[in-house]
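Asks: work37.txt is the file, holding compact mmCIF, C-alpha atoms:
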# COMPACT_ATOMS: atom_id res chain seq x y z
CA MET A 29 -92.02 -18.13 56.19
CA SER A 30 -93.16 -15.36 58.52
CA GLU A 31 -92.08 -11.77 57.95
CA LYS A 32 -90.19 -11.96 61.23
CA ASN A 33 -88.03 -14.85 60.00
CA SER A 34 -87.62 -13.67 56.41
CA PRO A 35 -84.05 -12.94 55.27
CA ARG A 36 -82.96 -9.35 55.83
CA LYS A 37 -82.50 -7.41 52.63
CA ALA A 38 -78.85 -6.59 52.05
CA ASP A 39 -77.89 -2.96 52.46
CA LYS A 40 -77.07 -1.23 49.23
CA ILE A 41 -73.38 -0.48 48.82
CA VAL A 42 -72.63 2.90 47.25
CA ALA A 43 -69.45 4.53 46.00
CA VAL A 44 -67.11 6.35 48.36
CA LYS A 45 -68.04 10.03 48.65
CA GLY A 46 -66.14 12.07 46.09
CA MET A 47 -65.27 9.01 43.98
CA ASN A 48 -67.73 8.92 41.12
CA ASP A 49 -68.96 6.40 38.59
CA ILE A 50 -68.73 7.61 35.00
CA MET A 51 -71.66 6.06 33.16
CA PRO A 52 -72.96 6.14 29.57
CA PRO A 53 -73.79 8.42 27.91
CA GLU A 54 -71.51 10.73 29.94
CA SER A 55 -68.56 8.38 29.42
CA ALA A 56 -68.76 9.04 25.66
CA ALA A 57 -67.68 12.64 26.28
CA TRP A 58 -64.69 11.37 28.24
CA GLU A 59 -63.71 9.08 25.39
CA ALA A 60 -64.11 11.89 22.87
CA LEU A 61 -61.87 14.23 24.89
CA GLU A 62 -59.27 11.51 25.40
CA ALA A 63 -59.26 10.77 21.67
CA ARG A 64 -58.67 14.47 20.92
CA VAL A 65 -55.79 14.54 23.38
CA ARG A 66 -54.17 11.38 21.99
CA GLU A 67 -54.24 12.88 18.50
CA LEU A 68 -52.77 16.14 19.79
CA MET A 69 -49.98 14.30 21.60
CA ARG A 70 -49.18 12.38 18.43
CA ARG A 71 -48.76 15.64 16.52
CA PHE A 72 -46.35 16.94 19.17
CA ALA A 73 -44.43 13.61 19.24
CA PHE A 74 -45.37 12.75 22.86
CA GLU A 75 -45.53 9.05 23.76
CA ASN A 76 -47.86 7.42 26.27
CA VAL A 77 -46.59 6.25 29.67
CA ARG A 78 -48.64 4.40 32.30
CA THR A 79 -47.50 4.32 35.92
CA PRO A 80 -48.95 2.59 39.01
CA ILE A 81 -51.74 4.21 41.00
CA VAL A 82 -49.92 3.26 44.23
CA GLU A 83 -46.43 4.64 44.86
CA PRO A 84 -44.05 4.79 47.86
CA THR A 85 -45.12 7.60 50.17
CA SER A 86 -41.56 8.91 50.22
CA LEU A 87 -41.81 9.71 46.49
CA PHE A 88 -44.37 12.44 47.14
CA VAL A 89 -42.86 13.69 50.41
CA ARG A 90 -39.51 14.12 48.71
CA GLY A 91 -40.82 15.40 45.41
CA LEU A 92 -43.73 17.64 46.40
CA GLY A 93 -42.31 18.93 49.68
CA GLU A 94 -43.31 18.14 53.27
CA VAL A 95 -44.87 21.56 53.91
CA THR A 96 -47.51 21.42 51.17
CA ASP A 97 -51.27 20.97 51.44
CA ILE A 98 -51.07 17.75 49.43
CA VAL A 99 -48.53 16.03 51.69
CA GLU A 100 -49.80 17.47 54.97
CA LYS A 101 -53.55 17.07 54.50
CA GLU A 102 -54.68 15.40 51.30
CA MET A 103 -52.80 12.18 50.58
CA TYR A 104 -54.40 8.77 50.96
CA SER A 105 -51.51 7.00 52.67
CA PHE A 106 -51.45 3.61 54.36
CA GLU A 107 -49.14 0.88 55.56
CA ASP A 108 -48.96 -2.33 53.54
CA ARG A 109 -50.01 -5.08 55.96
CA LEU A 110 -47.73 -7.63 54.30
CA ASN A 111 -44.42 -5.81 54.62
CA GLY A 112 -45.03 -2.58 56.51
CA GLU A 113 -44.18 -0.44 53.48
CA ALA A 114 -45.57 3.12 53.50
CA LEU A 115 -47.69 3.55 50.36
CA THR A 116 -49.82 6.34 48.91
CA LEU A 117 -52.50 6.57 46.23
CA ARG A 118 -50.94 9.02 43.81
CA PRO A 119 -52.15 12.61 44.37
CA GLU A 120 -50.48 13.72 41.11
CA ASN A 121 -48.37 11.98 38.49
CA THR A 122 -45.35 14.12 37.63
CA ALA A 123 -43.39 12.51 40.46
CA GLY A 124 -44.51 9.05 39.31
CA VAL A 125 -43.46 9.68 35.70
CA VAL A 126 -40.06 10.93 36.88
CA ARG A 127 -39.68 7.91 39.18
CA ALA A 128 -40.42 5.60 36.23
CA ALA A 129 -37.99 7.45 33.97
CA VAL A 130 -35.23 7.16 36.57
CA GLU A 131 -35.97 3.51 37.40
CA HIS A 132 -35.94 2.46 33.74
CA SER A 133 -33.07 4.77 32.63
CA MET A 134 -35.36 6.31 30.02
CA LEU A 135 -33.09 9.30 29.43
CA TYR A 136 -30.05 7.16 28.64
CA ASN A 137 -30.72 7.54 24.91
CA GLY A 138 -31.76 11.18 25.08
CA PRO A 139 -34.73 13.36 26.13
CA LYS A 140 -38.26 12.01 26.17
CA ARG A 141 -41.70 13.52 25.54
CA LEU A 142 -44.28 11.59 27.55
CA TYR A 143 -47.97 11.90 28.38
CA TYR A 144 -50.36 10.10 30.71
CA MET A 145 -54.06 9.81 31.52
CA GLY A 146 -55.57 8.45 34.69
CA PRO A 147 -57.05 8.83 38.17
CA MET A 148 -55.44 10.74 41.05
CA PHE A 149 -56.53 10.81 44.70
CA ARG A 150 -56.71 13.60 47.27
CA HIS A 151 -58.67 13.62 50.51
CA GLU A 152 -60.46 16.95 50.32
CA ARG A 153 -64.02 18.22 50.52
CA PRO A 154 -65.85 17.21 47.32
CA GLN A 155 -67.32 20.13 45.39
CA ARG A 156 -67.89 21.20 41.81
CA GLY A 157 -64.73 20.46 39.82
CA ARG A 158 -62.95 18.93 42.82
CA TYR A 159 -63.27 15.27 43.80
CA ARG A 160 -61.42 12.75 45.94
CA GLN A 161 -60.80 10.60 42.91
CA PHE A 162 -60.23 12.90 39.98
CA HIS A 163 -58.61 12.43 36.60
CA GLN A 164 -55.70 14.16 34.98
CA ILE A 165 -54.08 14.23 31.59
CA GLY A 166 -50.47 15.31 31.73
CA ALA A 167 -47.56 16.03 29.44
CA GLU A 168 -43.95 15.78 30.62
CA ALA A 169 -40.89 16.75 28.54
CA LEU A 170 -37.87 15.21 30.27
CA GLY A 171 -34.28 16.17 29.47
CA PHE A 172 -35.04 19.48 27.71
CA GLY A 173 -33.54 22.63 29.22
CA GLY A 174 -34.44 25.30 26.68
CA ALA A 175 -37.17 27.89 27.12
CA GLU A 176 -38.59 26.87 23.74
CA ILE A 177 -39.83 23.59 25.29
CA ASP A 178 -41.62 25.54 28.01
CA ALA A 179 -43.34 27.46 25.24
CA GLU A 180 -44.04 24.29 23.25
CA VAL A 181 -45.96 22.58 26.06
CA ILE A 182 -47.93 25.79 26.67
CA LEU A 183 -48.73 26.00 22.94
CA MET A 184 -49.86 22.38 22.99
CA ALA A 185 -52.44 23.07 25.72
CA HIS A 186 -53.48 26.29 23.97
CA MET A 187 -54.05 24.35 20.74
CA LEU A 188 -56.31 21.91 22.60
CA TRP A 189 -58.55 24.75 23.85
CA LYS A 190 -58.71 26.13 20.32
CA GLU A 191 -59.65 22.78 18.79
CA LEU A 192 -62.27 22.18 21.48
CA GLY A 193 -63.79 25.61 20.79
CA LEU A 194 -63.12 26.89 24.33
CA THR A 195 -62.53 30.63 24.43
CA ASP A 196 -62.98 31.66 28.08
CA ILE A 197 -59.54 30.48 29.20
CA GLU A 198 -56.78 32.86 30.26
CA LEU A 199 -53.08 32.00 30.41
CA GLN A 200 -51.09 33.27 33.39
CA ILE A 201 -47.30 32.85 33.55
CA ASN A 202 -44.52 33.66 35.99
CA SER A 203 -40.96 32.67 36.82
CA LEU A 204 -39.86 31.14 40.12
CA GLY A 205 -36.21 31.62 39.19
CA GLN A 206 -33.52 29.37 40.58
CA PRO A 207 -32.99 28.11 44.17
CA ASP A 208 -30.45 30.78 45.12
CA GLU A 209 -32.79 33.51 43.87
CA ARG A 210 -35.70 31.99 45.75
CA ASN A 211 -33.60 31.86 48.93
CA LEU A 212 -33.04 35.61 48.76
CA HIS A 213 -36.75 36.14 48.14
CA ARG A 214 -37.59 33.72 50.95
CA ALA A 215 -35.58 35.74 53.44
CA ALA A 216 -37.27 38.94 52.28
CA LEU A 217 -40.71 37.32 52.56
CA ILE A 218 -40.07 36.14 56.12
CA GLN A 219 -38.87 39.60 57.11
CA HIS A 220 -41.94 41.18 55.51
CA PHE A 221 -44.50 38.88 57.11
CA GLU A 222 -42.79 39.05 60.54
CA LEU A 223 -43.57 42.77 60.52
CA HIS A 224 -47.27 41.91 60.11
CA LEU A 225 -47.74 38.87 62.36
CA ASP A 226 -50.97 40.30 63.72
CA LEU A 227 -52.52 39.98 60.24
CA LEU A 228 -51.54 36.34 59.70
CA ASP A 229 -53.83 33.41 60.46
CA GLU A 230 -52.55 30.40 62.39
CA GLU A 231 -51.82 28.40 59.24
CA ALA A 232 -49.72 31.24 57.83
CA LYS A 233 -47.80 31.62 61.09
CA ARG A 234 -47.06 27.87 61.10
CA ARG A 235 -45.73 27.97 57.55
CA LEU A 236 -43.88 31.27 57.78
CA HIS A 237 -40.44 29.80 58.51
CA LEU A 238 -41.06 26.43 56.82
CA ASN A 239 -42.36 27.52 53.42
CA PRO A 240 -43.18 31.26 53.25
CA LEU A 241 -43.89 31.07 49.51
CA ARG A 242 -47.08 29.15 50.35
CA LEU A 243 -48.42 32.20 52.18
CA LEU A 244 -48.85 33.88 48.79
CA ASP A 245 -51.44 31.19 47.94
CA SER A 246 -53.65 32.08 50.90
CA LYS A 247 -57.27 32.92 50.12
CA ASN A 248 -57.83 34.51 53.55
CA PRO A 249 -59.45 37.90 52.79
CA GLY A 250 -57.80 39.44 55.84
CA MET A 251 -54.34 38.64 54.50
CA GLN A 252 -54.71 39.91 50.95
CA GLY A 253 -53.33 43.36 51.72
CA VAL A 254 -50.16 42.10 53.35
CA ILE A 255 -49.74 39.53 50.56
CA GLU A 256 -50.12 42.20 47.88
CA SER A 257 -47.43 44.35 49.49
CA ALA A 258 -45.01 41.43 49.94
CA PRO A 259 -41.72 41.38 47.98
CA LYS A 260 -42.15 39.94 44.47
CA LEU A 261 -39.95 37.06 43.41
CA ILE A 262 -39.54 38.53 39.93
CA ASP A 263 -37.52 41.38 41.50
CA PHE A 264 -34.96 38.87 42.76
CA LEU A 265 -34.36 37.10 39.44
CA GLY A 266 -30.92 37.11 37.87
CA ASP A 267 -30.24 37.85 34.22
CA ALA A 268 -30.40 34.18 33.11
CA SER A 269 -33.79 33.60 34.74
CA LYS A 270 -35.15 36.83 33.29
CA GLU A 271 -33.89 35.89 29.83
CA HIS A 272 -35.52 32.43 30.11
CA LEU A 273 -38.90 34.03 30.85
CA GLU A 274 -38.45 36.61 28.09
CA THR A 275 -37.75 33.84 25.57
CA VAL A 276 -40.95 32.04 26.55
CA LYS A 277 -42.88 35.30 26.19
CA LYS A 278 -41.38 36.06 22.78
CA ILE A 279 -42.37 32.64 21.45
CA LEU A 280 -45.90 33.05 22.78
CA ASP A 281 -46.04 36.52 21.22
CA ALA A 282 -44.89 35.11 17.88
CA HIS A 283 -47.80 32.64 18.02
CA ARG A 284 -50.22 35.40 19.05
CA VAL A 285 -51.03 33.65 22.31
CA SER A 286 -52.22 36.20 24.86
CA TYR A 287 -51.08 35.86 28.48
CA THR A 288 -50.74 37.76 31.74
CA VAL A 289 -47.57 37.80 33.83
CA ASN A 290 -48.82 37.05 37.35
CA PRO A 291 -46.01 37.70 39.87
CA ARG A 292 -48.02 35.93 42.61
CA LEU A 293 -48.30 32.66 40.70
CA VAL A 294 -46.25 30.11 42.66
CA ARG A 295 -47.98 26.69 42.16
CA GLY A 296 -48.59 24.17 44.94
CA MET A 297 -45.57 21.87 44.70
CA ASP A 298 -42.00 22.54 45.79
CA TYR A 299 -40.35 21.03 42.72
CA TYR A 300 -40.92 23.95 40.32
CA ASN A 301 -38.29 26.45 39.12
CA LEU A 302 -38.19 29.06 36.36
CA THR A 303 -41.37 28.99 34.23
CA VAL A 304 -44.71 28.27 35.90
CA PHE A 305 -48.11 28.75 34.26
CA GLU A 306 -51.83 28.21 34.69
CA PHE A 307 -54.78 28.21 32.30
CA VAL A 308 -57.73 29.62 34.25
CA THR A 309 -61.40 30.31 33.57
CA THR A 310 -64.11 32.34 35.28
CA LYS A 311 -66.85 29.86 34.35
CA LEU A 312 -66.20 27.27 37.06
CA GLY A 313 -66.37 29.38 40.18
CA SER A 314 -63.53 28.90 42.66
CA GLN A 315 -62.21 25.86 40.75
CA GLY A 316 -60.99 28.03 37.89
CA THR A 317 -57.67 26.36 37.08
CA VAL A 318 -58.13 23.82 34.26
CA CYS A 319 -54.47 23.18 33.39
CA ALA A 320 -51.23 24.09 35.15
CA GLY A 321 -47.58 23.26 35.17
CA GLY A 322 -44.06 24.50 34.80
CA ARG A 323 -40.37 23.66 34.78
CA TYR A 324 -38.89 21.29 37.37
CA ASP A 325 -35.18 20.97 36.65
CA TYR A 326 -34.18 19.44 40.01
CA LEU A 327 -36.86 16.80 40.56
CA ILE A 328 -35.14 14.06 38.58
CA GLU A 329 -32.04 14.39 40.75
CA GLN A 330 -34.15 14.57 43.93
CA ILE A 331 -35.71 11.22 43.04
CA GLY A 332 -32.32 9.57 42.51
CA GLY A 333 -31.55 10.11 38.83
CA LYS A 334 -28.75 11.95 37.10
CA PRO A 335 -29.44 15.71 36.99
CA ALA A 336 -31.66 16.54 34.02
CA PRO A 337 -34.06 19.41 33.24
CA ALA A 338 -37.80 18.89 32.68
CA VAL A 339 -41.06 20.73 32.12
CA GLY A 340 -44.70 19.68 31.94
CA TRP A 341 -48.34 20.27 32.82
CA ALA A 342 -51.41 18.50 34.13
CA MET A 343 -55.01 19.09 33.09
CA GLY A 344 -58.08 18.33 35.19
CA VAL A 345 -60.36 16.18 33.03
CA GLU A 346 -63.50 16.78 35.10
CA ARG A 347 -62.94 20.54 34.98
CA VAL A 348 -62.36 20.61 31.25
CA LEU A 349 -65.49 18.56 30.62
CA GLU A 350 -67.45 20.84 32.94
CA LEU A 351 -66.12 23.86 31.04
CA ILE A 352 -67.10 22.25 27.73
CA LYS A 353 -70.63 21.78 29.08
CA GLU A 354 -70.78 25.35 30.44
CA SER A 355 -69.56 26.76 27.14
CA GLY A 356 -72.18 24.86 25.12
CA VAL A 357 -69.49 23.20 23.02
CA ALA A 358 -70.48 19.88 21.47
CA LEU A 359 -67.85 17.16 21.53
CA MET A 360 -68.21 15.26 18.28
CA GLN A 361 -68.59 11.62 19.23
CA PRO A 362 -68.93 8.72 16.82
CA GLY A 363 -72.47 7.41 17.13
CA LEU A 364 -74.09 4.10 16.41
CA ASP A 365 -74.30 3.26 12.70
CA VAL A 366 -76.78 0.38 12.55
CA PHE A 367 -79.51 -1.03 14.78
CA ALA A 368 -80.61 -4.50 13.67
CA VAL A 369 -84.36 -5.17 13.89
CA ILE A 370 -84.94 -8.94 14.00
CA THR A 371 -88.40 -10.49 13.90
CA ASP A 372 -87.65 -14.07 14.89
CA VAL A 373 -85.09 -15.70 17.19
CA ALA A 374 -84.79 -18.52 14.64
CA ASN A 375 -83.23 -16.05 12.20
CA LEU A 376 -80.28 -15.17 14.45
CA GLN A 377 -78.04 -17.81 12.89
CA VAL A 378 -78.35 -15.99 9.56
CA VAL A 379 -78.46 -12.44 10.93
CA MET A 380 -75.47 -12.53 13.28
CA PRO A 381 -72.85 -13.42 10.62
CA SER A 382 -74.29 -10.62 8.48
CA LEU A 383 -73.87 -8.09 11.27
CA GLN A 384 -70.31 -9.26 11.79
CA VAL A 385 -69.61 -8.31 8.17
CA LEU A 386 -70.65 -4.73 8.98
CA ARG A 387 -68.49 -4.62 12.08
CA GLU A 388 -65.48 -5.96 10.19
CA ALA A 389 -66.04 -3.14 7.70
CA GLY A 390 -65.70 -0.61 10.54
CA LEU A 391 -69.33 0.12 11.43
CA SER A 392 -70.79 0.11 14.93
CA VAL A 393 -73.78 -2.23 15.14
CA GLN A 394 -76.27 -3.00 17.91
CA MET A 395 -78.37 -6.12 17.70
CA GLN A 396 -81.80 -6.44 19.27
CA ALA A 397 -81.46 -9.16 21.89
CA SER A 398 -84.15 -11.74 22.54
CA THR A 399 -86.05 -12.26 25.78
CA SER A 400 -87.54 -15.38 27.34
CA GLU A 401 -90.62 -14.64 25.25
CA GLY A 402 -88.72 -14.24 21.98
CA MET A 403 -88.12 -11.02 20.09
CA PRO A 404 -89.99 -7.81 21.07
CA SER A 405 -92.54 -6.44 18.63
CA MET A 406 -91.42 -4.52 15.53
CA LYS A 407 -92.90 -1.35 16.99
CA SER A 408 -90.94 -1.79 20.21
CA GLN A 409 -87.73 -2.51 18.32
CA PHE A 410 -88.09 0.58 16.13
CA LYS A 411 -88.56 2.68 19.26
CA ARG A 412 -85.34 1.26 20.64
CA ALA A 413 -83.59 1.78 17.32
CA ASP A 414 -84.61 5.44 17.28
CA ALA A 415 -83.60 5.94 20.93
CA SER A 416 -80.20 4.35 20.28
CA GLY A 417 -79.20 7.23 18.01
CA ALA A 418 -78.36 4.85 15.17
CA ARG A 419 -78.22 6.28 11.66
CA PHE A 420 -79.86 3.25 10.06
CA ALA A 421 -82.17 0.40 10.98
CA PHE A 422 -81.49 -2.93 9.25
CA VAL A 423 -84.73 -4.91 9.18
CA PHE A 424 -84.32 -8.68 8.98
CA GLY A 425 -87.93 -9.80 8.44
CA PRO A 426 -89.20 -13.16 7.10
CA ASP A 427 -89.81 -11.75 3.59
CA GLU A 428 -86.34 -10.19 3.41
CA LEU A 429 -84.54 -13.28 4.66
CA ALA A 430 -86.51 -15.57 2.34
CA SER A 431 -84.96 -13.72 -0.60
CA GLY A 432 -81.52 -13.22 1.03
CA GLN A 433 -82.10 -9.50 1.57
CA VAL A 434 -82.32 -6.83 4.27
CA THR A 435 -84.32 -3.57 4.36
CA VAL A 436 -82.28 -0.46 5.14
CA LYS A 437 -84.20 2.43 6.71
CA SER A 438 -82.60 5.82 7.50
CA LEU A 439 -83.48 6.95 11.02
CA ARG A 440 -81.92 10.43 10.90
CA ASP A 441 -82.49 11.74 7.36
CA SER A 442 -86.00 11.61 5.95
CA ASN A 443 -84.66 12.48 2.50
CA VAL A 444 -82.85 9.16 2.25
CA PRO A 445 -85.26 6.64 0.72
CA GLN A 446 -85.77 3.20 2.17
CA ALA A 447 -83.75 0.60 0.25
CA THR A 448 -83.31 -3.13 -0.04
CA LEU A 449 -79.89 -4.78 -0.09
CA ARG A 450 -78.85 -8.32 -0.81
CA ILE A 451 -77.10 -9.69 2.25
CA ASP A 452 -73.96 -10.32 0.18
CA GLU A 453 -73.93 -6.56 -0.68
CA MET A 454 -73.67 -5.41 2.94
CA ALA A 455 -69.86 -5.13 2.95
CA SER A 456 -69.80 -2.91 -0.14
CA TRP A 457 -72.64 -0.80 1.30
CA ALA A 458 -70.60 -0.27 4.46
CA ALA A 459 -67.54 0.69 2.40
CA SER A 460 -69.56 3.30 0.52
CA LEU A 461 -70.84 4.72 3.82
CA TYR A 462 -67.33 5.13 5.24
CA PRO A 463 -64.84 4.89 2.37
CA THR A 464 -61.87 5.12 4.76
CA ALA A 465 -63.21 2.57 7.27
Once more with this new file: its structure as structure tokens, please.
Replies:
Amino acid sequence: MSEKNSPRKADKIVAVKGMNDIMPPESAAWEALEARVRELMRRFAFENVRTPIVEPTSLFVRGLGEVTDIVEKEMYSFEDRLNGEALTLRPENTAGVVRAAVEHSMLYNGPKRLYYMGPMFRHERPQRGRYRQFHQIGAEALGFGGAEIDAEVILMAHMLWKELGLTDIELQINSLGQPDERNLHRAALIQHFELHLDLLDEEAKRRLHLNPLRLLDSKNPGMQGVIESAPKLIDFLGDASKEHLETVKKILDAHRVSYTVNPRLVRGMDYYNLTVFEFVTTKLGSQGTVCAGGRYDYLIEQIGGKPAPAVGWAMGVERVLELIKESGVALMQPGLDVFAVITDVANLQVVMPSLQVLREAGLSVQMQASTSEGMPSMKSQFKRADASGARFAFVFGPDELASGQVTVKSLRDSNVPQATLRIDEMASWAASLYPTA
């Protein structure tokens, strides 16, 4: 066949920009972090919940607020071709968890502590720590109205940083008060910014009468002076809101958790009231927020449930892993225990049941696979065994198998002498290696 008539090579298909593959060995760090979080959630009596990636668009418009960056600019929304339904890839999961709790009457038997892990989607410019498909771990305490639960979820995140060995994380807290207090503050904000219209950018002018609180989030250098001089919400709080914040602070003080009260902290969603907080770091550039949340006592009712208080947070998995890397912290990950070196394909029928004994005893085992030419050389297999990170090589050679034995060679500790085991001793050897396996 001539080159002219030869089949055209198919174009390579690559992932969507900002939506990344997570490959080994990097994925091991993800698993290690997730395992730490699951154990932490167990200790705080939080139960796992899993919600759909696709939700009705109205859920986020109603819950997050129409005049927010997420709803206005960032959501991946589309119309279902089968029934015309407006759907959205979830940009966050608090609204989804609340929707599920309402739909399944989860609070009928009392408050619930729930947590989730999974991908979220926002259409924004990909950069370090910010992706179009990103992952969050979140904790939501539904049905609890006391300030002590606000403090508890903050303490839970703080404990995670401590156990991960992360020290460069600062806690900032604030109170958004209640709707009537925010309305008074809103009117004062509008009046303040109207006196300085010449300093506002077009985005700020557009939002001024729709959601003036969002102006406080602006990063426009030319607006920082007028933002700094704007009325502070904390000055409009009533006694109950002030007492709620003071209770949170006292509990944090009792646990010796340091924090800063940031009166400009407002968060990006409309559903928050009373306590809001962020854990921030200086090690990730502009993407410094690694975990954030607060109280949202009116969201459950907004989504169609009976009025019930709630509080929670969400953590950016990519950002936490990036911070772990920047901090030089090693996530302890269970490695491979045994690499099986096999000299002859004909021996697989004896070797494979033996390896299964090790796996049933709780060990991780990798077997050298054969090729069309048989088994690779012993030298090649030992190189692969060493590269695998395995603690031990199990050598199934003709001499060993003839006497029903296997040679055990330590790959990580030169002080451990090479030994020979009978194949029927492998289970007890594994039990002695990991007594609790």
Asks: Any idea what the distance is between atom CA of Pro147 of chain A and atom CA of Ala185 of chain A?
Replies: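 Here the two named atoms are 19.5 Å from each other.
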Asks: Atom CA of Arg36 of chain A to atom CA of Asn48 of chain A: how many Å, to one decimal?
Replies: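 Answer for the atom CA of Arg36 of chain A to atom CA of Asn48 of chain A separation: 28.0 Å.
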Asks: Write out as a VMD selection string which residues come within 12 Å of segment 228-233 of chain A when counting only C-alpha atoms, dropping same-chain ones fewer than 2 positions away.
Replies: chain A and resid 95 to 97 100 218 220 to 226 235 to 255
Asks: How would the residues just picked look written out with C-alpha atoms as a CSV table (one decimal), in the coordinates of the input?
Replies:
chain,number,residue,atom,x,y,z
A,95,VAL,CA,-44.9,21.6,53.9
A,96,THR,CA,-47.5,21.4,51.2
A,97,ASP,CA,-51.3,21.0,51.4
A,100,GLU,CA,-49.8,17.5,55.0
A,218,ILE,CA,-40.1,36.1,56.1
A,220,HIS,CA,-41.9,41.2,55.5
A,221,PHE,CA,-44.5,38.9,57.1
A,222,GLU,CA,-42.8,39.0,60.5
A,223,LEU,CA,-43.6,42.8,60.5
A,224,HIS,CA,-47.3,41.9,60.1
A,225,LEU,CA,-47.7,38.9,62.4
A,226,ASP,CA,-51.0,40.3,63.7
A,235,ARG,CA,-45.7,28.0,57.6
A,236,LEU,CA,-43.9,31.3,57.8
A,237,HIS,CA,-40.4,29.8,58.5
A,238,LEU,CA,-41.1,26.4,56.8
A,239,ASN,CA,-42.4,27.5,53.4
A,240,PRO,CA,-43.2,31.3,53.2
A,241,LEU,CA,-43.9,31.1,49.5
A,242,ARG,CA,-47.1,29.2,50.4
A,243,LEU,CA,-48.4,32.2,52.2
A,244,LEU,CA,-48.8,33.9,48.8
A,245,ASP,CA,-51.4,31.2,47.9
A,246,SER,CA,-53.6,32.1,50.9
A,247,LYS,CA,-57.3,32.9,50.1
A,248,ASN,CA,-57.8,34.5,53.6
A,249,PRO,CA,-59.4,37.9,52.8
A,250,GLY,CA,-57.8,39.4,55.8
A,251,MET,CA,-54.3,38.6,54.5
A,252,GLN,CA,-54.7,39.9,51.0
A,253,GLY,CA,-53.3,43.4,51.7
A,254,VAL,CA,-50.2,42.1,53.4
A,255,ILE,CA,-49.7,39.5,50.6
Asks: Report, in Å to a single decimal, how far apart atom CA of Gln330 of chain A and atom CA of Tyr300 of chain A are.
Replies: 12.1 Å
Asks: Kindly indicate which residue among A:Glu75, A:Asp178, A:Glu191, A:Glu209 lies nearest to Leu273 of chain A, using all atoms listed in the file for the distances.
Replies: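 Closest residue, counting all atoms listed in the file: A:Asp178.
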